[in-house]
Amino acid sequence: MGRFFSSTKKSVSEESREDLPCMAEGLASHSHAIQVCEIVAVHKTKDDDSKETRKIFYISRTRQHQWRCDDVTFHSANQGLCEQWIQVINEQLSLLTNRPKSLLVYINPYGGKRRGRRIYEQKVAPLFRRACILADVIVTERANHARDHLKTEANLDKYDGVVCVGGDGMFSEILHGLITRTQTDNKVDHNQPDAELVPCSLHIGIIPAGSTDCICFATVGTNDPVTSALHIIVGDSQPMDVCSVHHNDSFLRYSVSLLGYGFYGDILTDSEKKRWLGPARYDLSGVKTFLSHNYYEGRISFLPAKNNNGDPRDKLQCLSGCRICQHKPSSTDTQWEMSEEKEKSDKDGMGGWSVITGKFIAINAASMSCACPRSPQGLSPSAHLADGTTDLILVRKCSRLNFLRHLLRHTNKEDQFDHSFVEVHRVRKFRFQPRQHELVSLEDLSQSPKKTGFSPICSAQTTCNHSTSHSSWTCDGEILPNVAIQVSVQCQLIRLFARGIEEQQQKCVLEDPCTLSAPEQSTYQSVD
Ligand SMILES: CCCCCCCCCCCCC/C=C/[C@@H](O)[C@H](COP(=O)(O)O)NC(=O)CCCCC
Ligand SMILES: Nc1ncnc2c1ncn2[C@@H]1O[C@H](COP(=O)(O)OP(=O)(O)O)[C@@H](O)[C@H]1O
Ligand SMILES: [Ca+2]
């Protein structure tokens with residue numbers, strides 16, 4: 001538990017309580033405690049009578065993981081005592097070295113409902129100013145502007161973090177820019193699928209202003225710009241896994257949320273043509289893809305994770321401070337696992353890999369829960385943010401009604417894996433090879449699907465029997481140019497300004513505020 005300061009509460013909206021006695025005088029009737037690490041700043045202000053007062057701005061929790069910046073005012077007849085408190089608070093704040101002082105901000109003005117710039121200017125910039133954070137802002141002028149700037153131009157030594165204002169696609173740009181820059185600076189060739197990638201030193205903050213914003217939702221618990229700005233200000237840190245995706249021996253992309261082939265790949269491909277619709281494009285393309293009811297043939301091979309990584313169906317949610325994510329395998333662990341893999345491979349020729357061949361409506365790899373407003377529990381509710389694994393979900397060919405039942409379970413608390421046609425595996429690596437159809441040239445395999453119209457609608461009870469040749473992979477919302485891919489999870493390659501989902505809201509009250517004479521002597525207890 002951190003250090004607390006106590007006070008009588010006077011929120012800006014509670015003018016009627018203005019005459020309450022001040023904590024510094026030890027007469028508090030409505031005691032109030034604030035953890036030092038949740039103080040945003042202390043500022044001099046003038047009250048209504050033009051009298052100089054001091055305001056402490058701090059984080060308050062509202063509903064559904066949302067944070068707000070609230071304030072209390074220091075009053076005292078003894079100005080010296082008041083100054084002393086303020087000085088101590090500022091000294092304590094200066095000891096919090098994890099807090100960013102300087103940030104590089106990229107805004108996608110066209111993401112989501114095109115509100116990125118307004119969201120930043122009206123909701124985020126005032127909070128950064130209040131917290132005395134300097135921000136260099138770049139409004140992007142084209143796709144990949146932020147990625148390219150980070151890769152080569154940006155002077156990253158100047159900053160404590162990079163902030164992305166946009167959706168998952170924009171986050172993906174920042175991710176690629178930062179990871180690529182880090183590997184280049186450290187002379188690591190990311191084309192090698194087994195290369196040991198160097199973790200990025202700068203934290204990434206996400207201000208949600210996109211269409212899905214699942215990376216923000218799954219790491220903070222809500223898509224709210226003010227909450228995200230406050231997590232950045234207090235310098236929260238959440239490590240996160242990153243999947244590297246290769247085609248043969250050449251690097252394709254990184255992914256942190258959903259790598260999806262079949263259903264989600266088709267939705268994304270179709271939705272790109274409807275960008276002008278904003279976030280509603282996913283609903284329209286979702287219905288169209290559902291009605292098409294396509295399935296795809298292929299072979300999926302995967303390397304299962306060890307038992308100590310839990311199980312995708314164990315119903316254990318990855319929460320703030322998750323114990324499973326606290327054990328980051330060292331490079332010796334990884335080397336040992338690789339030699340074990342090699343040993344097994346010499347014995348059975350498979351190296352612990354499992355292979356499944358079949359007809360699939362969807363193949364999804366969720367490196368995190370992928371929770372978002374459309375699906376508050378996500379595609380894999382028990383997936384972990386930083387355990388070095390991804391949950392591989394295979395939805396086999398089934399009737400349209402059964403697939404609908406499966407989809408509907410993403411919107412409630414029922415188990416979406418509890419169907420005979422769905423299986424889920426927690427894996428470290430996987431590969432996919434589509435079935436090579438006759439008359440399909442290799443060139444065709446790396447292009448978008450040819451078939452986009454509706455298939456004949458099957459009766460709800462029957463299984464559809466028509467297969468289109470190939471789908472595409474969606475990788476955090478971007479379409480991959482290749483279908484045959486190799487994927488490897490890179491444990492905790494990046495860090496976000498977030499803390500994971502908080503389990504329950506904690507309120508803290510003073511045991512006896514009147515005993516306080518200095519902040520160091522504060523006592524407190526936690527209540528639910
Ligand atoms: C009958 C009701 C069925 C509802 C099923 C809902 C299941 C939704 C799961 C969504 C998982 C989303 C994983 C995240 C993907 C994003 O990275 C990606 C790009 O986001 P952005 O750049 O912010 O636009 N978004 C999607 O792939 C959208 C999928 C929407 C599917 C309906
Ligand atoms: N200035 C820009 N003009 C056009 N596209 C951009 C610009 N800046 C970023 N992009 C691209 O826009 C795409 C979608 O961005 P994103 O912020 O994720 O919004 P959404 O969630 O609505 O998809 C990303 O692929 C990103 O590369
Ligand atoms: Ca993971």
# chains A, B, ... in the order shown; residues from 1 in each chain; ligands from 1
$ residues_near_ligand --ligand "ligand 1" --cutoff "7 Å" --atoms "only C-alpha atoms and all ligand atoms" --output "ChimeraX atom specification"
/A:112,167-170,210-214,257-258,264,267-268,279,282-283,286,370-372,374-375,378-379,404,407-408,410-411,476-477
$ residues_near_ligand --ligand "ligand 2" --cutoff "9 Å" --atoms "only C-alpha atoms and all ligand atoms" --output "MDAnalysis selection string"
chainID A and resid 106:114 116 139:147 164:173 208:213 272 275 278:279 476:478
$ write_last_selection --atoms "N, CA and C atoms" --output "short mmCIF file (atom, residue, chain, number, x, y, z; two decimals), in the first residue's frame"
data_model
loop_
_atom_site.label_atom_id
_atom_site.label_comp_id
_atom_site.auth_asym_id
_atom_site.auth_seq_id
_atom_site.Cartn_x
_atom_site.Cartn_y
_atom_site.Cartn_z
N TYR A 106 0.90 10.82 -31.24
CA TYR A 106 0.45 10.74 -32.64
C TYR A 106 -1.08 10.65 -32.65
N ILE A 107 -1.70 11.51 -33.47
CA ILE A 107 -3.17 11.48 -33.57
C ILE A 107 -3.57 11.07 -34.98
N ASN A 108 -4.43 10.03 -35.06
CA ASN A 108 -5.00 9.69 -36.37
C ASN A 108 -6.32 10.47 -36.48
N PRO A 109 -6.39 11.48 -37.34
CA PRO A 109 -7.62 12.30 -37.39
C PRO A 109 -8.77 11.57 -38.06
N TYR A 110 -8.49 10.43 -38.70
CA TYR A 110 -9.55 9.72 -39.43
C TYR A 110 -10.02 8.43 -38.75
N GLY A 111 -9.47 8.09 -37.59
CA GLY A 111 -9.88 6.85 -36.92
C GLY A 111 -11.29 6.94 -36.36
N GLY A 112 -11.95 5.81 -36.24
CA GLY A 112 -13.27 5.72 -35.59
C GLY A 112 -14.26 6.71 -36.18
N LYS A 113 -14.78 7.59 -35.32
CA LYS A 113 -15.76 8.59 -35.80
C LYS A 113 -15.07 9.91 -36.12
N ARG A 114 -13.81 9.85 -36.42
CA ARG A 114 -12.99 11.02 -36.80
C ARG A 114 -12.94 12.07 -35.69
N GLY A 116 -10.55 12.00 -33.17
CA GLY A 116 -9.27 11.89 -32.47
C GLY A 116 -8.69 13.22 -32.03
N VAL A 139 -0.13 15.21 -35.84
CA VAL A 139 -1.38 14.73 -36.42
C VAL A 139 -1.00 14.06 -37.74
N THR A 140 -1.32 12.79 -37.89
CA THR A 140 -0.81 12.07 -39.06
C THR A 140 -1.47 12.56 -40.34
N GLU A 141 -0.70 12.49 -41.43
CA GLU A 141 -1.21 12.99 -42.71
C GLU A 141 -1.49 11.87 -43.69
N ARG A 142 -1.09 10.66 -43.33
CA ARG A 142 -1.31 9.50 -44.22
C ARG A 142 -1.13 8.25 -43.38
N ALA A 143 -1.63 7.14 -43.94
CA ALA A 143 -1.41 5.85 -43.26
C ALA A 143 0.10 5.60 -43.19
N ASN A 144 0.56 5.05 -42.12
CA ASN A 144 1.97 4.70 -41.86
C ASN A 144 2.91 5.89 -41.59
N HIS A 145 2.31 7.08 -41.49
CA HIS A 145 3.10 8.27 -41.16
C HIS A 145 3.76 8.07 -39.78
N ALA A 146 2.96 7.66 -38.79
CA ALA A 146 3.49 7.49 -37.42
C ALA A 146 4.54 6.37 -37.40
N ARG A 147 4.24 5.27 -38.09
CA ARG A 147 5.18 4.13 -38.09
C ARG A 147 6.52 4.55 -38.67
N CYS A 164 -0.66 7.08 -28.53
CA CYS A 164 -1.36 6.87 -29.78
C CYS A 164 -2.81 7.27 -29.59
N VAL A 165 -3.31 8.21 -30.39
CA VAL A 165 -4.72 8.60 -30.32
C VAL A 165 -5.38 8.02 -31.56
N GLY A 166 -6.15 6.97 -31.39
CA GLY A 166 -6.75 6.27 -32.52
C GLY A 166 -7.20 4.90 -32.09
N GLY A 167 -7.38 4.03 -33.10
CA GLY A 167 -7.86 2.67 -32.80
C GLY A 167 -6.73 1.65 -32.81
N ASP A 168 -7.13 0.38 -32.93
CA ASP A 168 -6.13 -0.70 -32.90
C ASP A 168 -5.19 -0.62 -34.09
N GLY A 169 -5.69 -0.13 -35.23
CA GLY A 169 -4.85 -0.01 -36.42
C GLY A 169 -3.76 1.03 -36.20
N MET A 170 -4.13 2.10 -35.54
CA MET A 170 -3.16 3.17 -35.25
C MET A 170 -2.15 2.66 -34.21
N PHE A 171 -2.65 1.92 -33.23
CA PHE A 171 -1.75 1.34 -32.22
C PHE A 171 -0.74 0.43 -32.93
N SER A 172 -1.23 -0.30 -33.90
CA SER A 172 -0.37 -1.23 -34.63
C SER A 172 0.77 -0.48 -35.33
N GLU A 173 0.46 0.71 -35.82
CA GLU A 173 1.53 1.53 -36.45
C GLU A 173 2.62 1.87 -35.44
N PRO A 208 -8.17 5.98 -26.59
CA PRO A 208 -9.06 5.32 -27.55
C PRO A 208 -9.84 6.31 -28.40
N ALA A 209 -9.71 6.18 -29.73
CA ALA A 209 -10.45 7.05 -30.65
C ALA A 209 -10.61 6.31 -31.97
N GLY A 210 -10.84 4.98 -31.86
CA GLY A 210 -10.96 4.16 -33.06
C GLY A 210 -12.31 3.49 -33.13
N SER A 211 -12.38 2.37 -33.85
CA SER A 211 -13.66 1.69 -34.05
C SER A 211 -13.87 0.56 -33.06
N THR A 212 -12.82 -0.18 -32.72
CA THR A 212 -12.96 -1.31 -31.80
C THR A 212 -12.25 -1.00 -30.48
N ASP A 213 -11.02 -0.54 -30.59
CA ASP A 213 -10.21 -0.15 -29.41
C ASP A 213 -10.10 -1.29 -28.41
N GLU A 272 -13.16 -3.05 -45.04
CA GLU A 272 -12.24 -2.01 -45.55
C GLU A 272 -12.90 -1.19 -46.66
N ARG A 275 -15.19 1.81 -45.13
CA ARG A 275 -14.60 2.66 -44.08
C ARG A 275 -15.41 3.92 -43.82
N GLY A 278 -17.62 4.31 -40.84
CA GLY A 278 -17.09 4.37 -39.47
C GLY A 278 -17.22 3.01 -38.79
N PRO A 279 -17.34 3.00 -37.45
CA PRO A 279 -17.38 1.73 -36.72
C PRO A 279 -18.52 0.81 -37.16
N ASP A 476 -4.66 -7.73 -35.98
CA ASP A 476 -5.05 -6.50 -35.27
C ASP A 476 -5.78 -5.54 -36.21
N GLY A 477 -6.57 -6.08 -37.11
CA GLY A 477 -7.38 -5.24 -37.98
C GLY A 477 -6.76 -4.93 -39.32
N GLU A 478 -5.51 -5.39 -39.57
CA GLU A 478 -4.88 -5.16 -40.88
C GLU A 478 -4.82 -6.51 -41.61
#
$ residues_near_ligand --ligand "ligand 3" --cutoff "6 Å" --atoms "only C-alpha atoms and all ligand atoms" --output "ChimeraX atom specification"
/A:241,367-368,383-390
$ residues_around --residues "Ser244 of chain A" --least-positions-apart "4" --cutoff "9 Å" --atoms "only C-alpha atoms" --output "VMD selection string"
chain A and resid 190 193 251 to 255 486 to 490
$ atom_distance --atom1 "atom CA of Ile34 of chain A" --atom2 "atom CA of Val72 of chain A"
9.9 Å
$ atom_distance --atom1 "atom CA of Gln317 of chain A" --atom2 "atom CA of Phe497 of chain A"
19.9 Å
$ select_by_dssp --residues "segment 211-304 of chain A" --states "alpha helix (DSSP H)" --output "ChimeraX atom specification"
/A:214-220,225-233,263-272,281-292
$ residues_around --residues "Asn191 of chain A" --least-positions-apart "3" --cutoff "9 Å" --atoms "only C-alpha atoms" --output "tab-separated table (two decimals) with N, CA and C atoms, in the first residue's frame"
chain	number	residue	atom	x	y	z
A	188	VAL	N	19.25	-6.43	-34.47
A	188	VAL	CA	18.56	-7.73	-34.48
A	188	VAL	C	17.79	-7.84	-35.80
A	194	ASP	N	13.26	-17.10	-35.30
A	194	ASP	CA	13.68	-17.44	-33.93
A	194	ASP	C	14.56	-16.35	-33.29
A	195	ALA	N	14.66	-15.20	-33.93
A	195	ALA	CA	15.51	-14.14	-33.36
A	195	ALA	C	14.98	-13.73	-31.99
A	246	HIS	N	5.49	-14.53	-39.55
A	246	HIS	CA	6.39	-14.68	-40.69
A	246	HIS	C	5.74	-15.49	-41.80
A	249	ASP	N	10.66	-17.36	-44.58
A	249	ASP	CA	11.60	-16.77	-43.63
A	249	ASP	C	11.60	-15.26	-43.71
A	250	SER	N	10.43	-14.73	-44.05
A	250	SER	CA	10.46	-13.27	-44.07
A	250	SER	C	9.36	-12.70	-43.17
A	251	PHE	N	9.72	-11.63	-42.48
A	251	PHE	CA	8.83	-11.02	-41.49
A	251	PHE	C	7.63	-10.38	-42.17
A	252	LEU	N	6.43	-10.63	-41.60
A	252	LEU	CA	5.23	-9.97	-42.13
A	252	LEU	C	4.75	-8.85	-41.21
$ residues_around --residues "Thr269 of chain A" --least-positions-apart "2" --cutoff "9 Å" --atoms "only C-alpha atoms" --output "PyMOL selection string"
chain A and resi 264-267+271-273+285+448-449+472+474+478-479
$ write_last_selection --atoms "C-alpha atoms" --output "mmCIF file, in the first residue's frame"
data_model
loop_
_atom_site.group_PDB
_atom_site.id
_atom_site.type_symbol
_atom_site.label_atom_id
_atom_site.label_comp_id
_atom_site.auth_asym_id
_atom_site.auth_seq_id
_atom_site.Cartn_x
_atom_site.Cartn_y
_atom_site.Cartn_z
ATOM 1 C CA TYR A 264 -12.875 -12.357 -38.850
ATOM 2 C CA GLY A 265 -10.482 -12.173 -41.821
ATOM 3 C CA ASP A 266 -13.489 -12.019 -44.157
ATOM 4 C CA ILE A 267 -15.221 -9.362 -42.039
ATOM 5 C CA SER A 271 -15.246 -3.795 -44.003
ATOM 6 C CA GLU A 272 -12.244 -2.011 -45.553
ATOM 7 C CA LYS A 273 -14.490 -1.122 -48.531
ATOM 8 C CA SER A 285 -19.728 -6.765 -42.836
ATOM 9 C CA SER A 448 -7.566 -11.162 -51.119
ATOM 10 C CA PRO A 449 -10.310 -13.749 -51.452
ATOM 11 C CA SER A 472 -7.180 -13.863 -45.340
ATOM 12 C CA THR A 474 -6.631 -10.149 -40.075
ATOM 13 C CA GLU A 478 -4.877 -5.161 -40.883
ATOM 14 C CA ILE A 479 -5.058 -7.750 -43.679
#
$ decode --residues "segment 344-445 of chain A" --atoms "C-alpha atoms" --output "compact mmCIF listing (two decimals), in the first residue's frame"
# COMPACT_ATOMS: atom_id res chain seq x y z
CA LYS A 344 11.46 -34.49 -28.58
CA SER A 345 11.63 -33.73 -32.25
CA ASP A 346 14.59 -36.12 -32.61
CA LYS A 347 12.51 -38.79 -30.85
CA ASP A 348 9.11 -38.50 -32.54
CA GLY A 349 9.92 -36.20 -35.40
CA MET A 350 7.37 -33.63 -34.11
CA GLY A 351 9.11 -31.79 -31.25
CA GLY A 352 5.95 -31.60 -29.16
CA TRP A 353 4.00 -30.02 -32.01
CA SER A 354 0.36 -31.03 -32.55
CA VAL A 355 -1.22 -31.02 -35.99
CA ILE A 356 -4.89 -30.60 -36.89
CA THR A 357 -6.19 -30.75 -40.43
CA GLY A 358 -9.77 -29.86 -41.23
CA LYS A 359 -12.46 -27.50 -42.41
CA PHE A 360 -12.76 -24.37 -40.33
CA ILE A 361 -15.19 -21.46 -40.20
CA ALA A 362 -12.72 -19.52 -38.08
CA ILE A 363 -9.19 -19.87 -36.78
CA ASN A 364 -8.47 -17.23 -34.14
CA ALA A 365 -5.34 -16.59 -32.13
CA ALA A 366 -6.05 -14.28 -29.17
CA SER A 367 -2.90 -13.13 -27.37
CA MET A 368 -5.10 -11.26 -24.89
CA SER A 369 -8.79 -11.56 -24.04
CA CYS A 370 -9.71 -9.24 -26.96
CA ALA A 371 -12.48 -7.84 -24.78
CA CYS A 372 -14.20 -4.85 -26.35
CA PRO A 373 -17.61 -3.18 -26.08
CA ARG A 374 -19.05 -5.69 -28.61
CA SER A 375 -17.83 -8.57 -26.46
CA PRO A 376 -17.08 -7.47 -22.89
CA GLN A 377 -15.47 -10.82 -21.96
CA GLY A 378 -13.69 -11.12 -25.28
CA LEU A 379 -12.79 -13.88 -27.69
CA SER A 380 -10.81 -15.72 -25.03
CA PRO A 381 -11.89 -14.42 -21.61
CA SER A 382 -9.04 -16.17 -19.72
CA ALA A 383 -6.20 -15.24 -22.06
CA HIS A 384 -3.27 -13.46 -20.41
CA LEU A 385 -1.70 -10.17 -21.40
CA ALA A 386 1.89 -11.10 -20.65
CA ASP A 387 2.34 -14.86 -20.21
CA GLY A 388 4.13 -15.57 -23.49
CA THR A 389 1.21 -17.53 -24.99
CA THR A 390 -1.70 -17.06 -27.35
CA ASP A 391 -5.06 -18.89 -27.23
CA LEU A 392 -5.68 -20.71 -30.50
CA ILE A 393 -9.42 -21.11 -31.11
CA LEU A 394 -10.54 -23.48 -33.87
CA VAL A 395 -14.15 -23.29 -34.98
CA ARG A 396 -14.85 -26.19 -37.29
CA LYS A 397 -17.42 -26.33 -40.03
CA CYS A 398 -20.87 -26.45 -38.43
CA SER A 399 -24.42 -25.35 -39.15
CA ARG A 400 -25.23 -21.67 -39.35
CA LEU A 401 -27.45 -21.96 -36.28
CA ASN A 402 -24.68 -23.54 -34.23
CA PHE A 403 -22.23 -20.86 -35.34
CA LEU A 404 -24.75 -18.21 -34.32
CA ARG A 405 -25.07 -19.87 -30.88
CA HIS A 406 -21.28 -19.74 -30.57
CA LEU A 407 -21.15 -16.06 -31.57
CA LEU A 408 -23.94 -15.07 -29.21
CA ARG A 409 -21.97 -16.49 -26.30
CA HIS A 410 -19.38 -13.76 -26.91
CA THR A 411 -21.95 -11.25 -25.78
CA ASN A 412 -22.94 -12.94 -22.50
CA LYS A 413 -21.20 -14.97 -19.80
CA GLU A 414 -21.83 -18.43 -21.31
CA ASP A 415 -18.80 -20.50 -22.30
CA GLN A 416 -18.19 -19.99 -26.03
CA PHE A 417 -15.82 -22.97 -26.08
CA ASP A 418 -18.45 -25.41 -24.84
CA HIS A 419 -19.46 -26.67 -28.30
CA SER A 420 -18.44 -29.93 -29.99
CA PHE A 421 -17.22 -27.97 -33.02
CA VAL A 422 -14.97 -25.57 -31.06
CA GLU A 423 -11.59 -26.34 -29.53
CA VAL A 424 -9.10 -24.06 -27.86
CA HIS A 425 -5.39 -24.52 -27.11
CA ARG A 426 -2.92 -22.30 -25.26
CA VAL A 427 0.18 -22.21 -27.47
CA ARG A 428 3.62 -20.61 -27.80
CA LYS A 429 3.89 -20.98 -31.57
CA PHE A 430 1.70 -22.07 -34.44
CA ARG A 431 1.78 -22.44 -38.21
CA PHE A 432 -1.00 -22.47 -40.77
CA GLN A 433 -0.94 -24.00 -44.22
CA PRO A 434 -4.05 -23.64 -46.38
CA ARG A 435 -5.14 -26.63 -48.43
CA GLN A 436 -3.71 -26.22 -51.90
CA HIS A 437 -6.76 -26.29 -54.15
CA GLU A 438 -6.35 -27.33 -57.74
CA LEU A 439 -6.51 -24.45 -60.20
CA VAL A 440 -5.34 -22.02 -57.52
CA SER A 441 -1.96 -20.60 -58.31
CA LEU A 442 0.49 -19.66 -55.58
CA GLU A 443 0.04 -16.04 -56.54
CA ASP A 444 -3.69 -16.29 -55.85
CA LEU A 445 -2.96 -17.52 -52.33
